[in-house]
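Student: Provided herewith: data_36.csv, CSV, C-alpha atoms.
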```
chain,number,residue,atom,x,y,z
P,1,MET,CA,10.8,31.2,33.0
P,2,ALA,CA,8.1,32.7,30.7
P,3,THR,CA,4.7,31.0,30.8
P,4,SER,CA,1.5,32.0,29.1
P,5,SER,CA,-1.1,34.3,30.8
P,6,SER,CA,-3.8,31.7,30.2
P,7,ALA,CA,-2.0,29.2,32.4
P,8,GLU,CA,-2.4,31.6,35.3
P,9,LEU,CA,-6.2,31.6,35.1
P,10,SER,CA,-7.9,29.6,37.8
P,11,LYS,CA,-8.4,26.0,36.7
P,12,ALA,CA,-10.6,25.4,39.7
P,13,VAL,CA,-13.1,28.1,38.5
P,14,LYS,CA,-13.0,26.6,35.0
P,15,GLN,CA,-13.8,23.2,36.5
P,16,GLN,CA,-17.1,24.5,38.0
P,17,TYR,CA,-18.3,25.0,34.5
P,18,MET,CA,-16.8,21.8,33.0
P,19,ASP,CA,-18.7,19.9,35.7
P,20,LEU,CA,-22.1,21.2,34.4
P,21,PRO,CA,-24.2,18.6,32.6
P,22,GLN,CA,-24.4,19.0,28.8
P,23,GLY,CA,-27.7,17.2,28.2
P,24,ASP,CA,-27.9,15.1,25.1
P,25,LYS,CA,-25.7,17.4,23.1
P,26,VAL,CA,-22.1,16.5,22.1
P,27,GLN,CA,-19.1,18.7,21.4
P,28,ILE,CA,-17.0,17.7,18.4
P,29,MET,CA,-13.6,19.3,18.0
P,30,TYR,CA,-12.5,19.3,14.4
P,31,VAL,CA,-8.7,19.3,14.0
P,32,TRP,CA,-6.7,19.9,10.8
P,33,ILE,CA,-3.2,20.6,9.5
P,34,ASP,CA,-2.8,24.2,8.3
P,35,GLY,CA,-0.8,25.6,5.4
P,36,THR,CA,2.5,25.3,7.1
P,37,GLY,CA,2.3,21.6,7.1
P,38,GLU,CA,3.3,21.7,10.8
P,39,GLY,CA,0.7,23.7,12.6
P,40,LEU,CA,-2.6,22.4,13.8
P,41,ARG,CA,-5.9,24.3,14.0
P,42,CYS,CA,-9.2,23.3,15.6
P,43,LYS,CA,-12.7,24.5,16.1
P,44,THR,CA,-15.8,23.0,17.8
P,45,ARG,CA,-19.4,22.3,16.8
P,46,THR,CA,-22.4,20.8,18.6
P,47,LEU,CA,-24.1,17.6,17.5
P,48,ASP,CA,-27.5,16.3,18.8
P,49,SER,CA,-26.1,12.8,19.6
P,50,GLU,CA,-22.9,11.0,20.1
P,51,PRO,CA,-21.4,9.8,16.7
P,52,LYS,CA,-20.6,6.1,16.7
P,53,CYS,CA,-18.5,6.1,13.5
P,54,ILE,CA,-16.7,8.6,11.2
P,55,GLU,CA,-19.5,8.4,8.7
P,56,GLU,CA,-21.9,10.0,11.1
P,57,LEU,CA,-19.9,13.2,11.3
P,58,PRO,CA,-20.8,16.1,8.9
P,59,GLU,CA,-18.4,17.8,6.6
P,60,TRP,CA,-17.6,21.4,7.7
P,61,ASN,CA,-15.7,24.4,6.4
P,62,PHE,CA,-13.4,27.2,7.5
P,63,ASP,CA,-11.6,30.3,6.3
P,64,GLY,CA,-8.5,29.2,4.6
P,65,SER,CA,-7.2,32.7,4.1
P,66,SER,CA,-6.5,32.8,7.9
P,67,THR,CA,-4.6,29.5,7.9
P,68,TYR,CA,-2.2,30.1,5.0
P,69,GLN,CA,-4.3,27.8,2.8
P,70,SER,CA,-6.2,30.2,0.4
P,71,GLU,CA,-6.8,33.7,-0.7
P,72,GLY,CA,-9.4,35.9,0.9
P,73,SER,CA,-11.4,36.3,-2.3
P,74,ASN,CA,-12.1,32.5,-2.4
P,75,SER,CA,-11.4,31.3,1.1
P,76,ASP,CA,-13.8,28.5,2.0
P,77,MET,CA,-12.1,25.2,2.6
P,78,TYR,CA,-13.8,21.9,3.4
P,79,LEU,CA,-13.1,19.7,6.5
P,80,ILE,CA,-13.6,16.0,5.8
P,81,PRO,CA,-13.7,13.9,9.0
P,82,SER,CA,-11.1,11.1,8.7
P,83,ALA,CA,-10.3,9.7,12.2
P,84,MET,CA,-12.2,10.0,15.5
P,85,PHE,CA,-10.9,9.9,19.1
P,86,ARG,CA,-12.4,10.4,22.5
P,87,ASP,CA,-11.8,13.9,23.8
P,88,PRO,CA,-9.6,13.8,26.9
P,89,PHE,CA,-10.2,17.5,27.7
P,90,ARG,CA,-14.0,17.6,27.6
P,91,LYS,CA,-14.3,13.8,28.2
P,92,ASP,CA,-17.0,11.4,27.0
P,93,PRO,CA,-19.2,11.7,25.0
P,94,ASN,CA,-17.3,14.5,23.3
P,95,LYS,CA,-14.9,13.7,20.4
P,96,LEU,CA,-11.7,14.9,18.7
P,97,VAL,CA,-11.9,14.5,14.9
P,98,LEU,CA,-8.9,14.6,12.6
P,99,CYS,CA,-9.9,16.0,9.2
P,100,GLU,CA,-8.5,16.2,5.7
P,101,VAL,CA,-8.7,19.6,4.0
P,102,LEU,CA,-10.1,20.1,0.5
P,103,LYS,CA,-10.0,23.3,-1.5
P,104,TYR,CA,-13.1,25.1,-3.0
P,105,ASN,CA,-12.9,22.7,-6.0
P,106,ARG,CA,-12.8,19.6,-3.8
P,107,LYS,CA,-9.1,18.9,-4.6
P,108,PRO,CA,-6.8,18.2,-1.7
P,109,ALA,CA,-5.1,21.3,-0.1
P,110,GLU,CA,-1.3,21.4,-0.6
P,111,THR,CA,-0.6,20.2,2.9
P,112,ASN,CA,-3.3,17.4,2.8
P,113,LEU,CA,-0.8,14.6,2.3
P,114,ARG,CA,-3.2,12.0,3.8
P,115,LEU,CA,-5.2,11.5,0.6
P,116,THR,CA,-2.3,10.1,-1.5
P,117,CYS,CA,-0.9,8.3,1.5
P,118,ASN,CA,-4.2,6.5,1.9
P,119,LYS,CA,-4.2,5.5,-1.8
P,120,VAL,CA,-0.7,4.0,-1.5
P,121,MET,CA,-1.5,2.2,1.7
P,122,ASP,CA,-4.6,0.6,0.0
P,123,MET,CA,-2.3,-0.8,-2.7
P,124,VAL,CA,-0.2,-2.8,-0.3
P,125,GLU,CA,-2.9,-3.7,2.3
P,126,ASN,CA,-2.2,-7.5,1.7
P,127,GLN,CA,1.4,-7.0,2.9
P,128,VAL,CA,0.1,-5.7,6.3
P,129,PRO,CA,2.6,-2.8,6.7
P,130,TRP,CA,3.2,-1.9,10.4
P,131,PHE,CA,4.8,1.4,11.6
P,132,GLY,CA,6.0,2.7,14.9
P,133,MET,CA,7.2,6.3,15.2
P,134,GLU,CA,9.3,7.8,18.0
P,135,GLN,CA,8.3,11.4,18.4
P,136,GLU,CA,11.0,13.6,20.0
P,137,TYR,CA,10.1,17.1,21.2
P,138,THR,CA,11.4,19.9,23.4
P,139,ILE,CA,9.5,21.8,26.1
P,140,LEU,CA,10.0,25.6,25.8
P,141,GLY,CA,8.8,28.6,27.7
P,142,THR,CA,6.7,31.1,25.7
P,143,ASP,CA,9.9,33.1,25.2
P,144,GLY,CA,11.5,30.1,23.3
P,145,HIS,CA,13.9,29.3,26.2
P,146,PRO,CA,14.1,25.6,27.0
P,147,PHE,CA,12.0,24.7,30.1
P,148,GLY,CA,14.1,24.5,33.3
P,149,TRP,CA,17.3,25.9,31.7
P,150,PRO,CA,19.1,28.7,33.5
P,151,ASN,CA,18.0,32.1,32.3
P,152,ASN,CA,21.5,33.3,31.4
P,153,GLY,CA,23.3,30.1,30.7
P,154,PHE,CA,23.2,26.4,30.0
P,155,PRO,CA,22.6,23.3,32.2
P,156,GLY,CA,25.4,20.8,32.7
P,157,PRO,CA,26.5,18.9,29.6
P,158,GLN,CA,24.5,15.9,28.2
P,159,GLY,CA,25.0,12.6,29.9
P,160,PRO,CA,22.7,12.4,33.0
P,161,TYR,CA,19.4,13.4,31.3
P,162,TYR,CA,18.5,10.4,29.0
P,163,CYS,CA,15.8,8.4,30.9
P,164,GLY,CA,16.9,10.4,33.9
P,165,VAL,CA,15.2,10.6,37.3
P,166,GLY,CA,15.3,13.5,39.8
P,167,SER,CA,14.7,17.3,39.7
P,168,ASP,CA,18.2,18.0,38.4
P,169,LYS,CA,17.8,15.6,35.5
P,170,ALA,CA,14.1,15.4,34.4
P,171,TYR,CA,12.6,18.7,33.3
P,172,GLY,CA,8.8,18.8,32.9
P,173,ARG,CA,7.7,15.3,33.7
P,174,ASP,CA,4.2,16.5,34.7
P,175,ILE,CA,3.6,17.4,31.1
P,176,VAL,CA,4.8,14.0,29.9
P,177,GLU,CA,2.5,12.1,32.4
P,178,ALA,CA,-0.5,14.2,31.5
P,179,HIS,CA,0.0,13.7,27.8
P,180,TYR,CA,0.5,10.0,28.1
P,181,ARG,CA,-2.7,9.5,30.1
P,182,ALA,CA,-4.7,11.8,27.8
P,183,CYS,CA,-3.5,9.8,24.8
P,184,LEU,CA,-4.5,6.5,26.4
P,185,TYR,CA,-8.0,8.0,27.2
P,186,ALA,CA,-8.4,9.3,23.6
P,187,GLY,CA,-7.6,5.8,22.1
P,188,VAL,CA,-4.3,6.9,20.6
P,189,MET,CA,-1.9,4.0,20.1
P,190,ILE,CA,0.8,5.5,22.4
P,191,CYS,CA,3.2,2.7,23.5
P,192,GLY,CA,5.8,4.4,25.6
P,193,THR,CA,7.7,7.5,26.6
P,194,ASN,CA,11.2,8.6,28.0
P,195,ALA,CA,13.3,11.6,28.8
P,196,GLU,CA,15.8,12.3,26.0
P,197,VAL,CA,19.5,13.2,25.8
P,198,MET,CA,19.1,17.0,26.0
P,199,PRO,CA,17.5,18.4,29.1
P,200,ALA,CA,13.8,19.5,28.5
P,201,GLN,CA,13.7,17.1,25.5
P,202,TRP,CA,11.4,14.1,25.7
P,203,GLU,CA,10.1,11.3,23.4
P,204,PHE,CA,6.9,9.4,23.1
P,205,GLN,CA,6.3,6.4,20.8
P,206,VAL,CA,3.2,5.6,18.8
P,207,GLY,CA,2.5,2.2,17.3
P,208,PRO,CA,2.4,-0.4,16.0
P,209,CYS,CA,-0.1,1.1,13.6
P,210,GLU,CA,-1.2,-0.4,10.3
P,211,GLY,CA,-1.2,1.7,7.2
P,212,ILE,CA,-2.8,5.1,7.3
P,213,SER,CA,-3.6,4.9,11.0
P,214,MET,CA,0.1,5.7,11.7
P,215,GLY,CA,-0.3,9.2,10.5
P,216,ASP,CA,-3.7,9.6,12.1
P,217,HIS,CA,-2.5,8.5,15.5
P,218,LEU,CA,0.7,10.5,15.5
P,219,TRP,CA,-1.1,13.8,14.4
P,220,ALA,CA,-3.7,13.1,17.2
P,221,ALA,CA,-0.9,12.6,19.7
P,222,ARG,CA,0.8,15.9,18.6
P,223,PHE,CA,-2.5,17.8,18.9
P,224,ILE,CA,-3.1,16.4,22.5
P,225,LEU,CA,0.5,17.4,23.4
P,226,HIS,CA,0.0,21.0,22.2
P,227,ARG,CA,-3.3,21.2,24.2
P,228,VAL,CA,-1.7,19.8,27.4
P,229,CYS,CA,1.2,22.3,27.1
P,230,GLU,CA,-1.4,25.0,26.6
P,231,ASP,CA,-2.9,24.1,30.0
P,232,PHE,CA,0.6,24.2,31.6
P,233,GLY,CA,1.5,27.5,29.9
P,234,VAL,CA,4.5,26.1,28.0
P,235,VAL,CA,5.2,25.3,24.3
P,236,ALA,CA,6.0,21.9,22.7
P,237,SER,CA,8.5,22.4,19.9
P,238,PHE,CA,9.2,19.8,17.1
P,239,ASP,CA,12.1,21.8,15.7
P,240,PRO,CA,14.7,19.3,14.6
P,241,LYS,CA,17.6,21.3,16.1
P,242,PRO,CA,16.1,23.7,18.7
P,243,ILE,CA,19.5,24.6,20.3
P,244,PRO,CA,22.6,24.9,18.2
P,245,GLY,CA,25.9,23.5,19.3
P,246,ASN,CA,26.7,20.4,21.3
P,247,TRP,CA,23.1,19.4,22.0
P,248,ASN,CA,21.1,16.6,20.5
P,249,GLY,CA,18.6,17.4,17.8
P,250,ALA,CA,15.0,16.0,17.7
P,251,GLY,CA,14.0,13.3,15.2
P,252,CYS,CA,11.0,11.0,14.5
P,253,HIS,CA,12.6,7.6,14.0
P,254,THR,CA,10.3,5.4,12.0
P,255,ASN,CA,10.2,1.6,12.5
P,256,PHE,CA,8.7,-0.4,9.7
P,257,SER,CA,7.9,-4.0,8.9
P,258,THR,CA,5.6,-6.2,6.7
P,259,LYS,CA,4.1,-9.5,7.3
P,260,GLU,CA,6.9,-11.2,5.4
P,261,MET,CA,9.6,-9.4,7.4
P,262,ARG,CA,8.0,-10.5,10.7
P,263,GLU,CA,7.9,-14.2,9.7
P,264,GLU,CA,10.7,-16.7,9.7
P,265,GLY,CA,13.6,-15.7,7.4
P,266,GLY,CA,12.2,-12.1,7.2
P,267,LEU,CA,15.7,-10.6,7.3
P,268,LYS,CA,16.0,-11.2,3.6
P,269,ALA,CA,13.0,-8.9,2.9
P,270,ILE,CA,14.4,-6.4,5.3
P,271,GLU,CA,17.8,-6.3,3.6
P,272,GLU,CA,16.1,-6.0,0.1
P,273,SER,CA,14.1,-3.0,1.4
P,274,ILE,CA,17.3,-1.3,2.8
P,275,GLU,CA,19.0,-1.8,-0.5
P,276,ARG,CA,16.1,0.0,-2.3
P,277,LEU,CA,16.2,2.8,0.3
P,278,GLY,CA,19.9,3.3,-0.3
P,279,LYS,CA,19.3,3.9,-4.0
P,280,ARG,CA,16.7,6.6,-3.3
P,281,HIS,CA,18.3,8.6,-0.5
P,282,SER,CA,17.7,12.1,-1.8
P,283,TYR,CA,14.0,11.4,-2.5
P,284,HIS,CA,13.5,10.3,1.2
P,285,ILE,CA,15.5,13.3,2.6
P,286,ARG,CA,13.1,15.6,0.7
P,287,ALA,CA,10.1,13.7,2.1
P,288,TYR,CA,11.3,13.6,5.7
P,289,ASP,CA,10.8,17.2,6.7
P,290,PRO,CA,8.3,19.9,5.7
P,291,LYS,CA,11.0,22.1,4.0
P,292,GLY,CA,12.3,19.5,1.7
P,293,GLY,CA,15.4,18.6,3.7
P,294,LEU,CA,16.4,22.1,4.9
P,295,ASP,CA,15.3,21.5,8.5
P,296,ASN,CA,17.0,18.2,8.7
P,297,ALA,CA,20.3,19.6,7.4
P,298,ARG,CA,20.7,21.3,10.8
P,299,ARG,CA,20.2,18.0,12.5
P,300,LEU,CA,21.7,15.2,10.3
P,301,THR,CA,25.4,16.2,10.7
P,302,GLY,CA,26.9,12.8,11.5
P,303,HIS,CA,27.2,13.9,15.2
P,304,HIS,CA,24.8,13.5,18.2
P,305,GLU,CA,23.6,10.0,17.2
P,306,THR,CA,22.7,11.0,13.6
P,307,SER,CA,23.9,10.1,10.1
P,308,ASN,CA,25.2,12.6,7.6
P,309,ILE,CA,22.4,14.0,5.4
P,310,HIS,CA,24.5,13.5,2.2
P,311,GLU,CA,25.3,9.8,2.8
P,312,PHE,CA,23.2,6.7,3.2
P,313,SER,CA,24.3,4.0,5.7
P,314,ALA,CA,22.9,1.0,7.4
P,315,GLY,CA,24.1,-1.2,10.3
P,316,VAL,CA,23.1,-3.5,13.1
P,317,ALA,CA,22.6,-1.5,16.4
P,318,ASN,CA,24.3,1.5,14.8
P,319,ARG,CA,22.7,4.8,16.0
P,320,GLY,CA,25.0,6.8,13.7
P,321,ALA,CA,23.5,5.1,10.6
P,322,SER,CA,20.6,6.2,8.3
P,323,ILE,CA,19.0,2.8,8.9
P,324,ARG,CA,19.4,0.7,12.1
P,325,ILE,CA,18.7,-3.0,12.3
P,326,PRO,CA,18.0,-3.8,16.0
P,327,ARG,CA,20.4,-6.4,17.4
P,328,THR,CA,17.6,-8.8,18.2
P,329,VAL,CA,16.4,-8.7,14.6
P,330,GLY,CA,19.9,-9.5,13.4
P,331,GLN,CA,20.0,-12.5,15.8
P,332,GLU,CA,16.4,-13.8,15.1
P,333,LYS,CA,16.7,-13.1,11.3
P,334,LYS,CA,13.2,-11.5,11.3
P,335,GLY,CA,11.4,-8.4,12.6
P,336,TYR,CA,11.7,-4.8,11.5
P,337,PHE,CA,14.1,-1.9,10.7
P,338,GLU,CA,14.4,1.7,11.9
P,339,ASP,CA,14.7,4.6,9.5
P,340,ARG,CA,16.5,7.3,11.7
P,341,ARG,CA,16.3,10.1,9.1
P,342,PRO,CA,12.8,11.7,9.6
P,343,SER,CA,12.9,15.0,11.4
P,344,ALA,CA,10.7,15.7,14.5
P,345,ASN,CA,8.5,18.0,12.5
P,346,CYS,CA,8.0,15.6,9.6
P,347,ASP,CA,4.6,14.8,8.3
P,348,PRO,CA,4.0,11.1,9.1
P,349,TYR,CA,1.8,10.7,6.0
P,350,ALA,CA,4.7,11.8,3.8
P,351,VAL,CA,7.2,9.6,5.7
P,352,THR,CA,5.1,6.4,5.7
P,353,GLU,CA,4.1,6.9,2.0
P,354,ALA,CA,7.7,7.3,0.9
P,355,ILE,CA,8.7,4.1,2.7
P,356,ILE,CA,5.9,2.1,1.1
P,357,ARG,CA,6.6,3.5,-2.4
P,358,THR,CA,10.3,2.6,-2.2
P,359,CYS,CA,10.2,-0.7,-0.2
P,360,LEU,CA,7.0,-2.3,-1.4
P,361,LEU,CA,6.1,-0.7,-4.7
P,362,SER,CA,9.8,-0.8,-5.8
P,363,GLU,CA,9.8,2.8,-7.1
P,364,GLU,CA,13.1,4.3,-8.3
P,365,GLY,CA,14.3,7.8,-9.1
P,366,ASP,CA,13.8,11.2,-7.4
P,367,GLU,CA,10.1,11.6,-8.1
P,368,PRO,CA,7.0,9.6,-6.9
P,369,VAL,CA,5.0,7.6,-9.4
P,370,ASN,CA,1.4,8.7,-10.1
P,371,TYR,CA,-1.0,5.8,-9.9
```
Rewrite the structure from the file as structure tokens, please.
Tutor:
Amino acid sequence: MATSSSAELSKAVKQQYMDLPQGDKVQIMYVWIDGTGEGLRCKTRTLDSEPKCIEELPEWNFDGSSTYQSEGSNSDMYLIPSAMFRDPFRKDPNKLVLCEVLKYNRKPAETNLRLTCNKVMDMVENQVPWFGMEQEYTILGTDGHPFGWPNNGFPGPQGPYYCGVGSDKAYGRDIVEAHYRACLYAGVMICGTNAEVMPAQWEFQVGPCEGISMGDHLWAARFILHRVCEDFGVVASFDPKPIPGNWNGAGCHTNFSTKEMREEGGLKAIEESIERLGKRHSYHIRAYDPKGGLDNARRLTGHHETSNIHEFSAGVANRGASIRIPRTVGQEKKGYFEDRRPSANCDPYAVTEAIIRTCLLSEEGDEPVNY
């Protein structure tokens, strides 16, 4: 299987240098979403002391013409620190910082969806919206071939791989374990992981997170996954249908609740929200992948535990529906619901914002309201 040349470099030699003391200086890795809306970029600067809060981090800039975000003739873009995590690669006191991107005129870049998401979350703060997102991904070689699959064929059909144990069932667990521990160290709200239905496909869950922190923590977890895979010489793909045919796609199921839904009799509020979602299906499909629904069209076929992209459906414990109400929620008459439509490569800021707009701000129609 093809792995990167970088992975073959001696990690023991590198460690000699990583063990050197760094004095009072601190390395801050600035991370941002590029012009594709899917890719992440990063660069590092030195600060004189460890920052204790986001306000202590300076703004920075970068060349947007090299990240699909501007023209060369006016290429400076601003990085605005927005969420800070411990750095699991360089370790304390160094930091990872997730940034918003502003254009030369201080307006948000086209793929900076955090700004409007944050405004919408502030409007419903008193309803205490919680999210939990289930991020599926596929481990690939650098040649795009799924990790552990035969070079000139396919593994056995789906069935034994979901939550599987053993070398013939779990492909790439070292990466999963390294990523989980790195997220815990960083302070990311990762809450679980499991092997998925297709071999070399895995899932991790992030949450419960309140408001804007859902998007922040999922993007941080994605960045850490890419970095872990870099060390192992493989690639993490969030493509919603990496292998055509009789193989499961990859989604990012999004669980949602409010304070009212979590309290006694909350099922009524859950059902009201689902009714609103049903009237706005096409708006949500457009918001649930970075290509306005085109990526999800390959995944949401009505097969392989998905709903049909053209139809809205809801049901208790139904994994073939757009919206699933967990069985325990149906029994206890309170809790949360799961929107199974978002694709693995969705922007969590877009997804969570859309849910708030429809369920809590009672928006209707195919376009978002400007506030």
Student: Residues at most 8 Å from range 114-117 of chain P, counting only C-alpha atoms, excluding those fewer than 6 positions away in the same chain, as number ranges by chain?
Tutor: P: 100, 108, 212, 215, 349-350, 352-353
Student: Assuming 5 Å of padding per side, give the centre and edge lengths of the axis-aligned box around every listed atom of range 23-31 of chain P, in Å to one decimal and as lines of an AutoDock Vina configuration file.
Tutor:
```
center_x = -18.3
center_y = 17.2
center_z = 21.1
size_x = 29.2
size_y = 14.2
size_z = 24.2
```
Student: Find the spatial neighbours of range 343-348 of chain P, counting all atoms listed in the file, within a cut-off of 7 Å - ignore same-chain residues fewer than 6 positions away - and output them as a list in words.
Tutor: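 The neighbour list is Glu38, Gln135, Glu136, Tyr137, Gly215, Phe238, Asp239, Pro240, Ala250, Gly251, Cys252, Tyr288, Asp289, Pro290 and Asn296 of chain P.
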Student: How many Å lie between CA of His179 in chain P and CA of Val31 in chain P, rounded to one decimal?
Tutor: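 Here the two named atoms are 17.2 Å from each other.
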Student: Tell me, as a PyMOL selection string, which residues lie within 10 Å of Gly207 in chain P, counting all atoms listed in the file; anything in the same chain fewer than 2 positions away does not count.
Tutor: chain P and resi 130-134+188-192+205+209-210+213-214+217-218+254-255
Student: In Å, rounded to a single decimal, give me how far CA of Tyr371 in chain P is from CA of Glu260 in chain P.
Tutor: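 Separation of CA of Glu260 in chain P and CA of Tyr371 in chain P: 24.2 Å.
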Student: Around the point (-11.9, 10.2, 24.3) in the file's coordinates, collect all residues with an atom within 7 Å, using all atoms listed in the file, and return them as a PDB file with C-alpha atoms, in the frame of the given file.
Tutor:
```pdb
ATOM      1  CA  PHE P  85     -10.900   9.900  19.100  1.00  0.00           C
ATOM      2  CA  ARG P  86     -12.400  10.400  22.500  1.00  0.00           C
ATOM      3  CA  ASP P  87     -11.800  13.900  23.800  1.00  0.00           C
ATOM      4  CA  PRO P  88      -9.600  13.800  26.900  1.00  0.00           C
ATOM      5  CA  LYS P  91     -14.300  13.800  28.200  1.00  0.00           C
ATOM      6  CA  ASP P  92     -17.000  11.400  27.000  1.00  0.00           C
ATOM      7  CA  ASN P  94     -17.300  14.500  23.300  1.00  0.00           C
ATOM      8  CA  LYS P  95     -14.900  13.700  20.400  1.00  0.00           C
ATOM      9  CA  TYR P 185      -8.000   8.000  27.200  1.00  0.00           C
ATOM     10  CA  ALA P 186      -8.400   9.300  23.600  1.00  0.00           C
ATOM     11  CA  GLY P 187      -7.600   5.800  22.100  1.00  0.00           C
TER      12      GLY P 187
END
```
Student: Counting all atoms listed in the file, what is within 9 Å of Asp339 in chain P, bar same-chain residues fewer than 3 positions away, as an MDAnalysis selection string?
Tutor: chainID P and resid 252:256 321:324 342
Student: From the set P:Thr36, P:Thr328, P:Ser282, P:Ser10, which residue has the shortest atom-to-atom contact distance to Asp366 in chain P, counting only C-alpha atoms?
Tutor: P:Ser282
Student: Using the block above, I'd like range 9-30 of chain P written out, keeping C-alpha atoms and formatting it as a PDB file, in the first residue's frame.
Tutor:
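As written to disk, decode.pdb reads:
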```
ATOM      1  CA  LEU P   9      11.758   9.476   8.004  1.00  0.00           C
ATOM      2  CA  SER P  10      13.142   8.453  11.402  1.00  0.00           C
ATOM      3  CA  LYS P  11      10.766   9.520  14.174  1.00  0.00           C
ATOM      4  CA  ALA P  12      13.478   8.661  16.727  1.00  0.00           C
ATOM      5  CA  VAL P  13      15.831  11.227  15.187  1.00  0.00           C
ATOM      6  CA  LYS P  14      13.047  13.835  15.163  1.00  0.00           C
ATOM      7  CA  GLN P  15      12.339  13.129  18.836  1.00  0.00           C
ATOM      8  CA  GLN P  16      15.907  14.126  19.789  1.00  0.00           C
ATOM      9  CA  TYR P  17      15.068  17.648  18.658  1.00  0.00           C
ATOM     10  CA  MET P  18      11.548  17.697  20.056  1.00  0.00           C
ATOM     11  CA  ASP P  19      13.033  16.878  23.488  1.00  0.00           C
ATOM     12  CA  LEU P  20      15.165  20.048  23.463  1.00  0.00           C
ATOM     13  CA  PRO P  21      13.991  22.752  25.890  1.00  0.00           C
ATOM     14  CA  GLN P  22      12.256  25.714  24.261  1.00  0.00           C
ATOM     15  CA  GLY P  23      12.951  28.286  26.998  1.00  0.00           C
ATOM     16  CA  ASP P  24      10.161  30.754  27.733  1.00  0.00           C
ATOM     17  CA  LYS P  25       9.025  30.874  24.110  1.00  0.00           C
ATOM     18  CA  VAL P  26       5.757  29.289  22.958  1.00  0.00           C
ATOM     19  CA  GLN P  27       4.827  27.941  19.516  1.00  0.00           C
ATOM     20  CA  ILE P  28       1.325  28.803  18.332  1.00  0.00           C
ATOM     21  CA  MET P  29      -0.042  26.933  15.312  1.00  0.00           C
ATOM     22  CA  TYR P  30      -2.731  28.977  13.543  1.00  0.00           C
TER      23      TYR P  30
END
```
